[in-house]
>>> print(open('data-v1.txt').read())   # compact mmCIF, N, CA, C and O atoms
# COMPACT_ATOMS: atom_id res chain seq x y z
N PRO I 791 -157.61 244.37 12.48
CA PRO I 791 -157.40 242.99 12.90
C PRO I 791 -158.61 242.47 13.67
O PRO I 791 -159.17 243.17 14.48
N LYS I 792 -158.95 241.23 13.39
CA LYS I 792 -160.13 240.66 14.02
C LYS I 792 -159.82 239.53 14.99
O LYS I 792 -160.58 239.29 15.91
N ASN I 793 -158.73 238.79 14.77
CA ASN I 793 -158.46 237.69 15.70
C ASN I 793 -157.30 238.01 16.62
O ASN I 793 -156.58 238.99 16.44
N GLY I 794 -157.12 237.16 17.63
CA GLY I 794 -156.10 237.40 18.65
C GLY I 794 -154.68 237.48 18.11
O GLY I 794 -153.88 238.29 18.58
N LYS I 795 -154.37 236.66 17.12
CA LYS I 795 -153.02 236.66 16.58
C LYS I 795 -152.74 237.95 15.82
O LYS I 795 -151.65 238.51 15.91
N SER I 796 -153.71 238.43 15.08
CA SER I 796 -153.54 239.71 14.36
C SER I 796 -153.41 240.86 15.33
O SER I 796 -152.61 241.77 15.13
N LEU I 797 -154.21 240.82 16.39
CA LEU I 797 -154.12 241.87 17.40
C LEU I 797 -152.77 241.84 18.10
O LEU I 797 -152.20 242.90 18.39
N ALA I 798 -152.26 240.66 18.36
CA ALA I 798 -150.95 240.54 19.00
C ALA I 798 -149.86 241.08 18.08
O ALA I 798 -148.96 241.81 18.53
N LEU I 799 -149.93 240.76 16.79
CA LEU I 799 -148.96 241.27 15.83
C LEU I 799 -148.99 242.79 15.80
O LEU I 799 -147.95 243.46 15.87
N LEU I 800 -150.19 243.35 15.75
CA LEU I 800 -150.35 244.81 15.74
C LEU I 800 -149.85 245.42 17.04
O LEU I 800 -149.17 246.45 17.03
N PHE I 801 -150.16 244.79 18.17
CA PHE I 801 -149.71 245.29 19.47
C PHE I 801 -148.20 245.40 19.53
O PHE I 801 -147.64 246.43 19.91
N PHE I 802 -147.51 244.32 19.15
CA PHE I 802 -146.05 244.33 19.23
C PHE I 802 -145.43 245.27 18.20
O PHE I 802 -144.41 245.91 18.47
N ALA I 803 -146.05 245.38 17.05
CA ALA I 803 -145.55 246.33 16.05
C ALA I 803 -145.63 247.75 16.61
O ALA I 803 -144.67 248.52 16.50
N ARG I 804 -146.75 248.09 17.21
CA ARG I 804 -146.90 249.43 17.80
C ARG I 804 -145.97 249.62 18.99
O ARG I 804 -145.38 250.69 19.15
N LEU I 805 -145.85 248.58 19.82
CA LEU I 805 -144.98 248.66 21.01
C LEU I 805 -143.55 249.00 20.62
O LEU I 805 -142.88 249.80 21.27
N PHE I 806 -143.08 248.40 19.53
CA PHE I 806 -141.71 248.62 19.09
C PHE I 806 -141.60 249.67 17.99
O PHE I 806 -140.51 249.89 17.45
N GLY I 807 -142.71 250.32 17.66
CA GLY I 807 -142.69 251.39 16.67
C GLY I 807 -142.36 250.92 15.27
O GLY I 807 -141.65 251.60 14.53
N VAL I 808 -142.87 249.75 14.90
CA VAL I 808 -142.58 249.15 13.60
C VAL I 808 -143.86 249.09 12.78
O VAL I 808 -144.91 248.69 13.29
N ASP I 809 -143.79 249.47 11.52
CA ASP I 809 -144.94 249.33 10.63
C ASP I 809 -145.19 247.85 10.37
O ASP I 809 -144.25 247.06 10.31
N LEU I 810 -146.47 247.49 10.18
CA LEU I 810 -146.79 246.09 9.89
C LEU I 810 -146.06 245.58 8.66
O LEU I 810 -145.75 244.39 8.57
N GLU I 811 -145.77 246.46 7.72
CA GLU I 811 -145.04 246.06 6.51
C GLU I 811 -143.63 245.58 6.83
O GLU I 811 -142.98 244.97 5.99
N ARG I 812 -143.17 245.86 8.03
CA ARG I 812 -141.81 245.45 8.42
C ARG I 812 -141.83 244.30 9.44
O ARG I 812 -140.83 244.00 10.07
N THR I 813 -143.01 243.65 9.59
CA THR I 813 -143.10 242.54 10.54
C THR I 813 -143.03 241.20 9.83
O THR I 813 -143.38 241.08 8.66
N PHE I 814 -142.59 240.20 10.56
CA PHE I 814 -142.53 238.81 10.08
C PHE I 814 -143.61 238.03 10.80
O PHE I 814 -143.86 238.22 11.99
N TYR I 815 -144.24 237.11 10.06
CA TYR I 815 -145.20 236.20 10.70
C TYR I 815 -145.09 234.84 10.04
O TYR I 815 -145.12 234.73 8.82
N GLY I 816 -144.94 233.81 10.84
CA GLY I 816 -144.92 232.44 10.34
C GLY I 816 -146.13 231.71 10.87
O GLY I 816 -146.43 231.78 12.07
N GLY I 817 -146.87 231.06 9.98
CA GLY I 817 -148.08 230.38 10.41
C GLY I 817 -148.30 229.08 9.66
O GLY I 817 -147.62 228.78 8.68
N ASP I 818 -149.31 228.33 10.15
CA ASP I 818 -149.57 227.03 9.55
C ASP I 818 -151.04 226.63 9.52
O ASP I 818 -151.36 225.52 9.12
N SER I 819 -151.95 227.51 9.94
CA SER I 819 -153.35 227.10 9.99
C SER I 819 -154.28 228.26 9.63
O SER I 819 -153.85 229.40 9.48
N GLY I 820 -155.55 227.92 9.51
CA GLY I 820 -156.55 228.91 9.11
C GLY I 820 -156.63 230.11 10.02
O GLY I 820 -156.91 231.22 9.57
N ASN I 821 -156.37 229.91 11.31
CA ASN I 821 -156.42 231.07 12.21
C ASN I 821 -155.18 231.95 12.08
O ASN I 821 -155.06 232.97 12.75
N ASP I 822 -154.28 231.57 11.19
CA ASP I 822 -153.11 232.40 10.89
C ASP I 822 -153.32 233.22 9.62
O ASP I 822 -152.46 234.01 9.24
N LEU I 823 -154.45 233.04 8.96
CA LEU I 823 -154.70 233.71 7.68
C LEU I 823 -154.61 235.23 7.79
O LEU I 823 -153.89 235.88 7.02
N GLU I 824 -155.31 235.81 8.75
CA GLU I 824 -155.32 237.27 8.87
C GLU I 824 -153.94 237.85 9.19
O GLU I 824 -153.50 238.79 8.53
N PRO I 825 -153.20 237.30 10.16
CA PRO I 825 -151.87 237.84 10.39
C PRO I 825 -150.91 237.60 9.23
O PRO I 825 -150.04 238.42 8.96
N LEU I 826 -151.08 236.49 8.51
CA LEU I 826 -150.25 236.26 7.32
C LEU I 826 -150.51 237.35 6.27
O LEU I 826 -149.60 237.78 5.58
N LEU I 827 -151.77 237.76 6.18
CA LEU I 827 -152.12 238.82 5.23
C LEU I 827 -151.65 240.20 5.70
O LEU I 827 -151.45 241.10 4.90
N SER I 828 -151.48 240.37 7.01
CA SER I 828 -151.11 241.66 7.58
C SER I 828 -149.61 241.91 7.61
O SER I 828 -149.16 243.04 7.51
N ALA I 829 -148.84 240.84 7.77
CA ALA I 829 -147.40 240.98 7.94
C ALA I 829 -146.72 241.30 6.61
O ALA I 829 -147.15 240.88 5.55
N GLY I 830 -145.64 242.03 6.71
CA GLY I 830 -144.87 242.37 5.52
C GLY I 830 -144.03 241.21 5.02
O GLY I 830 -143.67 241.15 3.84
N PHE I 831 -143.69 240.28 5.92
CA PHE I 831 -142.86 239.13 5.57
C PHE I 831 -143.56 237.85 6.04
O PHE I 831 -143.15 237.22 7.00
N PRO I 832 -144.62 237.44 5.33
CA PRO I 832 -145.38 236.25 5.75
C PRO I 832 -144.76 234.95 5.26
O PRO I 832 -144.25 234.88 4.14
N THR I 833 -144.80 233.93 6.11
CA THR I 833 -144.28 232.62 5.76
C THR I 833 -145.27 231.55 6.18
O THR I 833 -145.70 231.50 7.33
N LEU I 834 -145.63 230.69 5.24
CA LEU I 834 -146.47 229.53 5.53
C LEU I 834 -145.54 228.33 5.61
O LEU I 834 -144.83 228.02 4.66
N VAL I 835 -145.53 227.67 6.78
CA VAL I 835 -144.61 226.55 6.96
C VAL I 835 -145.21 225.27 6.38
O VAL I 835 -146.42 225.15 6.17
N ALA I 836 -144.35 224.30 6.10
CA ALA I 836 -144.72 223.10 5.34
C ALA I 836 -145.79 222.25 6.00
O ALA I 836 -146.52 221.56 5.31
N ASP I 837 -145.88 222.26 7.29
CA ASP I 837 -146.90 221.44 7.96
C ASP I 837 -148.24 222.16 8.00
O ASP I 837 -149.13 221.80 8.74
N GLY I 838 -148.38 223.18 7.16
CA GLY I 838 -149.58 224.00 7.15
C GLY I 838 -150.85 223.25 6.80
O GLY I 838 -150.83 222.20 6.17
N GLU I 839 -151.95 223.84 7.24
CA GLU I 839 -153.28 223.29 6.99
C GLU I 839 -153.52 223.15 5.49
O GLU I 839 -153.21 224.05 4.71
N LEU I 840 -154.06 222.03 5.11
CA LEU I 840 -154.34 221.79 3.70
C LEU I 840 -155.28 222.86 3.15
O LEU I 840 -156.26 223.21 3.77
N GLY I 841 -154.92 223.41 2.01
CA GLY I 841 -155.75 224.41 1.36
C GLY I 841 -155.45 225.84 1.74
O GLY I 841 -155.91 226.76 1.08
N LEU I 842 -154.69 226.06 2.81
CA LEU I 842 -154.39 227.43 3.22
C LEU I 842 -153.57 228.15 2.17
O LEU I 842 -153.81 229.32 1.88
N ASP I 843 -152.63 227.46 1.55
CA ASP I 843 -151.83 228.09 0.49
C ASP I 843 -152.72 228.49 -0.68
O ASP I 843 -152.53 229.52 -1.31
N GLY I 844 -153.74 227.69 -0.97
CA GLY I 844 -154.68 228.01 -2.04
C GLY I 844 -155.51 229.24 -1.72
O GLY I 844 -155.75 230.08 -2.58
N LYS I 845 -155.94 229.36 -0.46
CA LYS I 845 -156.70 230.54 -0.04
C LYS I 845 -155.85 231.80 -0.20
O LYS I 845 -156.33 232.83 -0.67
N LEU I 846 -154.60 231.71 0.18
CA LEU I 846 -153.70 232.85 0.07
C LEU I 846 -153.47 233.21 -1.39
O LEU I 846 -153.46 234.37 -1.76
N ALA I 847 -153.33 232.19 -2.24
CA ALA I 847 -153.12 232.43 -3.67
C ALA I 847 -154.35 233.10 -4.29
O ALA I 847 -154.23 234.01 -5.11
N GLU I 848 -155.54 232.67 -3.88
CA GLU I 848 -156.79 233.26 -4.38
C GLU I 848 -156.86 234.74 -4.04
O GLU I 848 -157.42 235.54 -4.80
N LEU I 849 -156.32 235.10 -2.90
CA LEU I 849 -156.35 236.50 -2.46
C LEU I 849 -155.25 237.32 -3.13
O LEU I 849 -155.15 238.51 -2.91
N GLY I 850 -154.42 236.66 -3.93
CA GLY I 850 -153.35 237.36 -4.63
C GLY I 850 -152.22 237.78 -3.72
O GLY I 850 -151.50 238.72 -4.00
N THR I 851 -152.06 237.07 -2.64
CA THR I 851 -151.04 237.41 -1.66
C THR I 851 -149.69 236.80 -2.02
O THR I 851 -149.61 235.63 -2.36
N THR I 852 -148.66 237.60 -1.94
CA THR I 852 -147.31 237.08 -2.11
C THR I 852 -146.85 236.59 -0.75
O THR I 852 -146.80 237.35 0.21
N ILE I 853 -146.57 235.31 -0.69
CA ILE I 853 -146.19 234.71 0.58
C ILE I 853 -145.11 233.67 0.30
O ILE I 853 -145.11 233.03 -0.75
N TYR I 854 -144.20 233.54 1.24
CA TYR I 854 -143.17 232.53 1.10
C TYR I 854 -143.71 231.21 1.64
O TYR I 854 -144.21 231.14 2.77
N LEU I 855 -143.63 230.16 0.84
CA LEU I 855 -144.05 228.82 1.25
C LEU I 855 -142.79 228.03 1.59
O LEU I 855 -142.05 227.60 0.71
N SER I 856 -142.55 227.85 2.87
CA SER I 856 -141.35 227.13 3.29
C SER I 856 -141.53 225.63 3.08
O SER I 856 -142.60 225.08 3.37
N PRO I 857 -140.49 224.96 2.61
CA PRO I 857 -140.57 223.51 2.47
C PRO I 857 -140.34 222.79 3.80
O PRO I 857 -140.40 221.57 3.87
N HIS I 858 -140.09 223.55 4.86
CA HIS I 858 -139.79 222.98 6.17
C HIS I 858 -140.98 223.14 7.12
O HIS I 858 -141.75 224.08 7.01
N ALA I 859 -141.07 222.23 8.06
CA ALA I 859 -142.16 222.23 9.03
C ALA I 859 -141.75 222.87 10.36
O ALA I 859 -140.56 222.99 10.65
N HIS I 860 -142.75 223.26 11.10
CA HIS I 860 -142.60 223.76 12.47
C HIS I 860 -141.59 224.91 12.56
O HIS I 860 -141.56 225.76 11.68
N ILE I 861 -140.78 224.91 13.59
CA ILE I 861 -139.83 226.01 13.81
C ILE I 861 -138.81 226.10 12.69
O ILE I 861 -138.33 227.18 12.36
N HIS I 862 -138.52 224.97 12.06
CA HIS I 862 -137.57 224.99 10.94
C HIS I 862 -138.13 225.80 9.78
O HIS I 862 -137.38 226.47 9.06
N GLY I 863 -139.44 225.76 9.60
CA GLY I 863 -140.08 226.56 8.57
C GLY I 863 -140.04 228.04 8.89
O GLY I 863 -139.86 228.88 8.00
N VAL I 864 -140.19 228.37 10.16
CA VAL I 864 -140.10 229.76 10.59
C VAL I 864 -138.68 230.29 10.38
O VAL I 864 -138.48 231.37 9.81
N ILE I 865 -137.70 229.53 10.81
CA ILE I 865 -136.30 229.93 10.62
C ILE I 865 -135.98 230.06 9.13
O ILE I 865 -135.32 231.01 8.71
N ASP I 866 -136.50 229.14 8.33
CA ASP I 866 -136.30 229.21 6.88
C ASP I 866 -136.91 230.50 6.32
O ASP I 866 -136.32 231.15 5.46
N GLY I 867 -138.08 230.88 6.82
CA GLY I 867 -138.71 232.12 6.38
C GLY I 867 -137.88 233.34 6.73
O GLY I 867 -137.71 234.26 5.92
N VAL I 868 -137.35 233.36 7.93
CA VAL I 868 -136.48 234.47 8.35
C VAL I 868 -135.27 234.55 7.43
O VAL I 868 -134.89 235.64 6.98
N ARG I 869 -134.70 233.43 7.12
CA ARG I 869 -133.54 233.42 6.21
C ARG I 869 -133.93 233.80 4.79
O ARG I 869 -133.18 234.50 4.11
N HIS I 870 -135.10 233.33 4.34
CA HIS I 870 -135.58 233.67 3.00
C HIS I 870 -135.65 235.18 2.81
O HIS I 870 -135.23 235.72 1.79
N TYR I 871 -136.20 235.87 3.80
CA TYR I 871 -136.34 237.33 3.72
C TYR I 871 -135.07 238.06 4.16
O TYR I 871 -135.04 239.28 4.18
N LYS I 872 -134.04 237.28 4.53
CA LYS I 872 -132.76 237.84 4.98
C LYS I 872 -132.94 238.78 6.18
O LYS I 872 -132.29 239.80 6.29
N LEU I 873 -133.82 238.38 7.08
CA LEU I 873 -134.12 239.20 8.24
C LEU I 873 -133.10 239.04 9.36
O LEU I 873 -133.02 239.89 10.23
N GLU I 874 -132.35 237.95 9.33
CA GLU I 874 -131.40 237.75 10.40
C GLU I 874 -130.25 238.74 10.34
O GLU I 874 -129.55 238.94 11.32
N THR I 875 -130.10 239.43 9.21
CA THR I 875 -129.02 240.40 9.08
C THR I 875 -129.51 241.85 9.13
O THR I 875 -128.71 242.77 9.13
N ARG I 876 -130.82 242.06 9.21
CA ARG I 876 -131.36 243.41 9.23
C ARG I 876 -131.33 243.96 10.65
O ARG I 876 -131.52 243.28 11.61
N ARG I 877 -131.13 245.25 10.71
CA ARG I 877 -131.15 245.96 12.00
C ARG I 877 -132.23 247.02 11.93
O ARG I 877 -132.41 247.68 10.92
N SER I 878 -132.92 247.19 13.02
CA SER I 878 -133.94 248.24 13.09
C SER I 878 -133.25 249.59 13.17
O SER I 878 -132.26 249.75 13.87
N THR I 879 -133.78 250.56 12.44
CA THR I 879 -133.16 251.89 12.49
C THR I 879 -134.11 252.90 13.08
O THR I 879 -135.27 252.75 13.10
>>> encode(input="data-v1.txt", output="C-alpha cells")
Amino acid sequence: PKNGKSLALLFFARLFGVDLERTFYGGDSGNDLEPLLSAGFPTLVADGELGLDGKLAELGTTIYLSPHAHIHGVIDGVRHYKLETRRST
C-alpha cells in the first residue's frame, strides 16, 4: 500500500486478523483507487469521480458500482455483497 487509505485498510485488517480479501471498501475518488483494488469487496459509489470507473475497468477489476451516492452507496455495497449477515469466524 502506498497511500494513507490503503495503509489504514491494511492496518485494520491486521488489527482484526482479517485478510484483505475479506475487507469492504467504499470509495468515490482517485485517492480511493488503491484501496478499492486492495479490498475483497470494493464499491464505487454513484457520486464518484468521473472516469474512476473507467480506470478500474481498464485494470480488469471486478467492482460493484452502486447507483447510490454517499453513505447510501456504501450501505448499498454492503447489501450487494450480503455483508450485513456475515459473521467473522
>>> residues_around(input="data-v1.txt", residues="stretch 846-862 of chain I", least_positions_apart="4", cutoff="12 Å", atoms="only C-alpha atoms", output="PyMOL selection string")
chain I and resi 814-820+822-842+866-871
>>> select_by_dssp(input="data-v1.txt", residues="chain I", states="helix (DSSP H, G or I)", output="mmCIF file with N, CA, C and O atoms, in the coordinates of the input")
data_model
loop_
_atom_site.group_PDB
_atom_site.id
_atom_site.type_symbol
_atom_site.label_atom_id
_atom_site.label_comp_id
_atom_site.auth_asym_id
_atom_site.auth_seq_id
_atom_site.Cartn_x
_atom_site.Cartn_y
_atom_site.Cartn_z
ATOM 1 N N GLY I 794 -157.120 237.160 17.630
ATOM 2 C CA GLY I 794 -156.100 237.400 18.650
ATOM 3 C C GLY I 794 -154.680 237.480 18.110
ATOM 4 O O GLY I 794 -153.880 238.290 18.580
ATOM 5 N N LYS I 795 -154.370 236.660 17.120
ATOM 6 C CA LYS I 795 -153.020 236.660 16.580
ATOM 7 C C LYS I 795 -152.740 237.950 15.820
ATOM 8 O O LYS I 795 -151.650 238.510 15.910
ATOM 9 N N SER I 796 -153.710 238.430 15.080
ATOM 10 C CA SER I 796 -153.540 239.710 14.360
ATOM 11 C C SER I 796 -153.410 240.860 15.330
ATOM 12 O O SER I 796 -152.610 241.770 15.130
ATOM 13 N N LEU I 797 -154.210 240.820 16.390
ATOM 14 C CA LEU I 797 -154.120 241.870 17.400
ATOM 15 C C LEU I 797 -152.770 241.840 18.100
ATOM 16 O O LEU I 797 -152.200 242.900 18.390
ATOM 17 N N ALA I 798 -152.260 240.660 18.360
ATOM 18 C CA ALA I 798 -150.950 240.540 19.000
ATOM 19 C C ALA I 798 -149.860 241.080 18.080
ATOM 20 O O ALA I 798 -148.960 241.810 18.530
ATOM 21 N N LEU I 799 -149.930 240.760 16.790
ATOM 22 C CA LEU I 799 -148.960 241.270 15.830
ATOM 23 C C LEU I 799 -148.990 242.790 15.800
ATOM 24 O O LEU I 799 -147.950 243.460 15.870
ATOM 25 N N LEU I 800 -150.190 243.350 15.750
ATOM 26 C CA LEU I 800 -150.350 244.810 15.740
ATOM 27 C C LEU I 800 -149.850 245.420 17.040
ATOM 28 O O LEU I 800 -149.170 246.450 17.030
ATOM 29 N N PHE I 801 -150.160 244.790 18.170
ATOM 30 C CA PHE I 801 -149.710 245.290 19.470
ATOM 31 C C PHE I 801 -148.200 245.400 19.530
ATOM 32 O O PHE I 801 -147.640 246.430 19.910
ATOM 33 N N PHE I 802 -147.510 244.320 19.150
ATOM 34 C CA PHE I 802 -146.050 244.330 19.230
ATOM 35 C C PHE I 802 -145.430 245.270 18.200
ATOM 36 O O PHE I 802 -144.410 245.910 18.470
ATOM 37 N N ALA I 803 -146.050 245.380 17.050
ATOM 38 C CA ALA I 803 -145.550 246.330 16.050
ATOM 39 C C ALA I 803 -145.630 247.750 16.610
ATOM 40 O O ALA I 803 -144.670 248.520 16.500
ATOM 41 N N ARG I 804 -146.750 248.090 17.210
ATOM 42 C CA ARG I 804 -146.900 249.430 17.800
ATOM 43 C C ARG I 804 -145.970 249.620 18.990
ATOM 44 O O ARG I 804 -145.380 250.690 19.150
ATOM 45 N N LEU I 805 -145.850 248.580 19.820
ATOM 46 C CA LEU I 805 -144.980 248.660 21.010
ATOM 47 C C LEU I 805 -143.550 249.000 20.620
ATOM 48 O O LEU I 805 -142.880 249.800 21.270
ATOM 49 N N LEU I 810 -146.470 247.490 10.180
ATOM 50 C CA LEU I 810 -146.790 246.090 9.890
ATOM 51 C C LEU I 810 -146.060 245.580 8.660
ATOM 52 O O LEU I 810 -145.750 244.390 8.570
ATOM 53 N N GLU I 811 -145.770 246.460 7.720
ATOM 54 C CA GLU I 811 -145.040 246.060 6.510
ATOM 55 C C GLU I 811 -143.630 245.580 6.830
ATOM 56 O O GLU I 811 -142.980 244.970 5.990
ATOM 57 N N ARG I 812 -143.170 245.860 8.030
ATOM 58 C CA ARG I 812 -141.810 245.450 8.420
ATOM 59 C C ARG I 812 -141.830 244.300 9.440
ATOM 60 O O ARG I 812 -140.830 244.000 10.070
ATOM 61 N N GLY I 820 -155.550 227.920 9.510
ATOM 62 C CA GLY I 820 -156.550 228.910 9.110
ATOM 63 C C GLY I 820 -156.630 230.110 10.020
ATOM 64 O O GLY I 820 -156.910 231.220 9.570
ATOM 65 N N ASN I 821 -156.370 229.910 11.310
ATOM 66 C CA ASN I 821 -156.420 231.070 12.210
ATOM 67 C C ASN I 821 -155.180 231.950 12.080
ATOM 68 O O ASN I 821 -155.060 232.970 12.750
ATOM 69 N N ASP I 822 -154.280 231.570 11.190
ATOM 70 C CA ASP I 822 -153.110 232.400 10.890
ATOM 71 C C ASP I 822 -153.320 233.220 9.620
ATOM 72 O O ASP I 822 -152.460 234.010 9.240
ATOM 73 N N LEU I 823 -154.450 233.040 8.960
ATOM 74 C CA LEU I 823 -154.700 233.710 7.680
ATOM 75 C C LEU I 823 -154.610 235.230 7.790
ATOM 76 O O LEU I 823 -153.890 235.880 7.020
ATOM 77 N N GLU I 824 -155.310 235.810 8.750
ATOM 78 C CA GLU I 824 -155.320 237.270 8.870
ATOM 79 C C GLU I 824 -153.940 237.850 9.190
ATOM 80 O O GLU I 824 -153.500 238.790 8.530
ATOM 81 N N PRO I 825 -153.200 237.300 10.160
ATOM 82 C CA PRO I 825 -151.870 237.840 10.390
ATOM 83 C C PRO I 825 -150.910 237.600 9.230
ATOM 84 O O PRO I 825 -150.040 238.420 8.960
ATOM 85 N N LEU I 826 -151.080 236.490 8.510
ATOM 86 C CA LEU I 826 -150.250 236.260 7.320
ATOM 87 C C LEU I 826 -150.510 237.350 6.270
ATOM 88 O O LEU I 826 -149.600 237.780 5.580
ATOM 89 N N LEU I 827 -151.770 237.760 6.180
ATOM 90 C CA LEU I 827 -152.120 238.820 5.230
ATOM 91 C C LEU I 827 -151.650 240.200 5.700
ATOM 92 O O LEU I 827 -151.450 241.100 4.900
ATOM 93 N N SER I 828 -151.480 240.370 7.010
ATOM 94 C CA SER I 828 -151.110 241.660 7.580
ATOM 95 C C SER I 828 -149.610 241.910 7.610
ATOM 96 O O SER I 828 -149.160 243.040 7.510
ATOM 97 N N LEU I 842 -154.690 226.060 2.810
ATOM 98 C CA LEU I 842 -154.390 227.430 3.220
ATOM 99 C C LEU I 842 -153.570 228.150 2.170
ATOM 100 O O LEU I 842 -153.810 229.320 1.880
ATOM 101 N N ASP I 843 -152.630 227.460 1.550
ATOM 102 C CA ASP I 843 -151.830 228.090 0.490
ATOM 103 C C ASP I 843 -152.720 228.490 -0.680
ATOM 104 O O ASP I 843 -152.530 229.520 -1.310
ATOM 105 N N GLY I 844 -153.740 227.690 -0.970
ATOM 106 C CA GLY I 844 -154.680 228.010 -2.040
ATOM 107 C C GLY I 844 -155.510 229.240 -1.720
ATOM 108 O O GLY I 844 -155.750 230.080 -2.580
ATOM 109 N N LYS I 845 -155.940 229.360 -0.460
ATOM 110 C CA LYS I 845 -156.700 230.540 -0.040
ATOM 111 C C LYS I 845 -155.850 231.800 -0.200
ATOM 112 O O LYS I 845 -156.330 232.830 -0.670
ATOM 113 N N LEU I 846 -154.600 231.710 0.180
ATOM 114 C CA LEU I 846 -153.700 232.850 0.070
ATOM 115 C C LEU I 846 -153.470 233.210 -1.390
ATOM 116 O O LEU I 846 -153.460 234.370 -1.760
ATOM 117 N N ALA I 847 -153.330 232.190 -2.240
ATOM 118 C CA ALA I 847 -153.120 232.430 -3.670
ATOM 119 C C ALA I 847 -154.350 233.100 -4.290
ATOM 120 O O ALA I 847 -154.230 234.010 -5.110
ATOM 121 N N GLU I 848 -155.540 232.670 -3.880
ATOM 122 C CA GLU I 848 -156.790 233.260 -4.380
ATOM 123 C C GLU I 848 -156.860 234.740 -4.040
ATOM 124 O O GLU I 848 -157.420 235.540 -4.800
ATOM 125 N N HIS I 860 -142.750 223.260 11.100
ATOM 126 C CA HIS I 860 -142.600 223.760 12.470
ATOM 127 C C HIS I 860 -141.590 224.910 12.560
ATOM 128 O O HIS I 860 -141.560 225.760 11.680
ATOM 129 N N ILE I 861 -140.780 224.910 13.590
ATOM 130 C CA ILE I 861 -139.830 226.010 13.810
ATOM 131 C C ILE I 861 -138.810 226.100 12.690
ATOM 132 O O ILE I 861 -138.330 227.180 12.360
ATOM 133 N N HIS I 862 -138.520 224.970 12.060
ATOM 134 C CA HIS I 862 -137.570 224.990 10.940
ATOM 135 C C HIS I 862 -138.130 225.800 9.780
ATOM 136 O O HIS I 862 -137.380 226.470 9.060
ATOM 137 N N GLY I 863 -139.440 225.760 9.600
ATOM 138 C CA GLY I 863 -140.080 226.560 8.570
ATOM 139 C C GLY I 863 -140.040 228.040 8.890
ATOM 140 O O GLY I 863 -139.860 228.880 8.000
ATOM 141 N N VAL I 864 -140.190 228.370 10.160
ATOM 142 C CA VAL I 864 -140.100 229.760 10.590
ATOM 143 C C VAL I 864 -138.680 230.290 10.380
ATOM 144 O O VAL I 864 -138.480 231.370 9.810
ATOM 145 N N ILE I 865 -137.700 229.530 10.810
ATOM 146 C CA ILE I 865 -136.300 229.930 10.620
ATOM 147 C C ILE I 865 -135.980 230.060 9.130
ATOM 148 O O ILE I 865 -135.320 231.010 8.710
ATOM 149 N N ASP I 866 -136.500 229.140 8.330
ATOM 150 C CA ASP I 866 -136.300 229.210 6.880
ATOM 151 C C ASP I 866 -136.910 230.500 6.320
ATOM 152 O O ASP I 866 -136.320 231.150 5.460
ATOM 153 N N GLY I 867 -138.080 230.880 6.820
ATOM 154 C CA GLY I 867 -138.710 232.120 6.380
ATOM 155 C C GLY I 867 -137.880 233.340 6.730
ATOM 156 O O GLY I 867 -137.710 234.260 5.920
ATOM 157 N N VAL I 868 -137.350 233.360 7.930
ATOM 158 C CA VAL I 868 -136.480 234.470 8.350
ATOM 159 C C VAL I 868 -135.270 234.550 7.430
ATOM 160 O O VAL I 868 -134.890 235.640 6.980
ATOM 161 N N ARG I 869 -134.700 233.430 7.120
ATOM 162 C CA ARG I 869 -133.540 233.420 6.210
ATOM 163 C C ARG I 869 -133.930 233.800 4.790
ATOM 164 O O ARG I 869 -133.180 234.500 4.110
ATOM 165 N N HIS I 870 -135.100 233.330 4.340
ATOM 166 C CA HIS I 870 -135.580 233.670 3.000
ATOM 167 C C HIS I 870 -135.650 235.180 2.810
ATOM 168 O O HIS I 870 -135.230 235.720 1.790
ATOM 169 N N LEU I 873 -133.820 238.380 7.080
ATOM 170 C CA LEU I 873 -134.120 239.200 8.240
ATOM 171 C C LEU I 873 -133.100 239.040 9.360
ATOM 172 O O LEU I 873 -133.020 239.890 10.230
ATOM 173 N N GLU I 874 -132.350 237.950 9.330
ATOM 174 C CA GLU I 874 -131.400 237.750 10.400
ATOM 175 C C GLU I 874 -130.250 238.740 10.340
ATOM 176 O O GLU I 874 -129.550 238.940 11.320
ATOM 177 N N THR I 875 -130.100 239.430 9.210
ATOM 178 C CA THR I 875 -129.020 240.400 9.080
ATOM 179 C C THR I 875 -129.510 241.850 9.130
ATOM 180 O O THR I 875 -128.710 242.770 9.130
#
>>> closest_residue(input="data-v1.txt", among="I:Leu873, I:Gly844, I:Val864, I:Asn821", to="I:Gly794", atoms="only C-alpha atoms")
I:Asn821
>>> closest_residue(input="data-v1.txt", among="I:Lys845, I:Thr875, I:Ile865, I:Leu799", to="I:Glu811", atoms="only C-alpha atoms")
I:Leu799
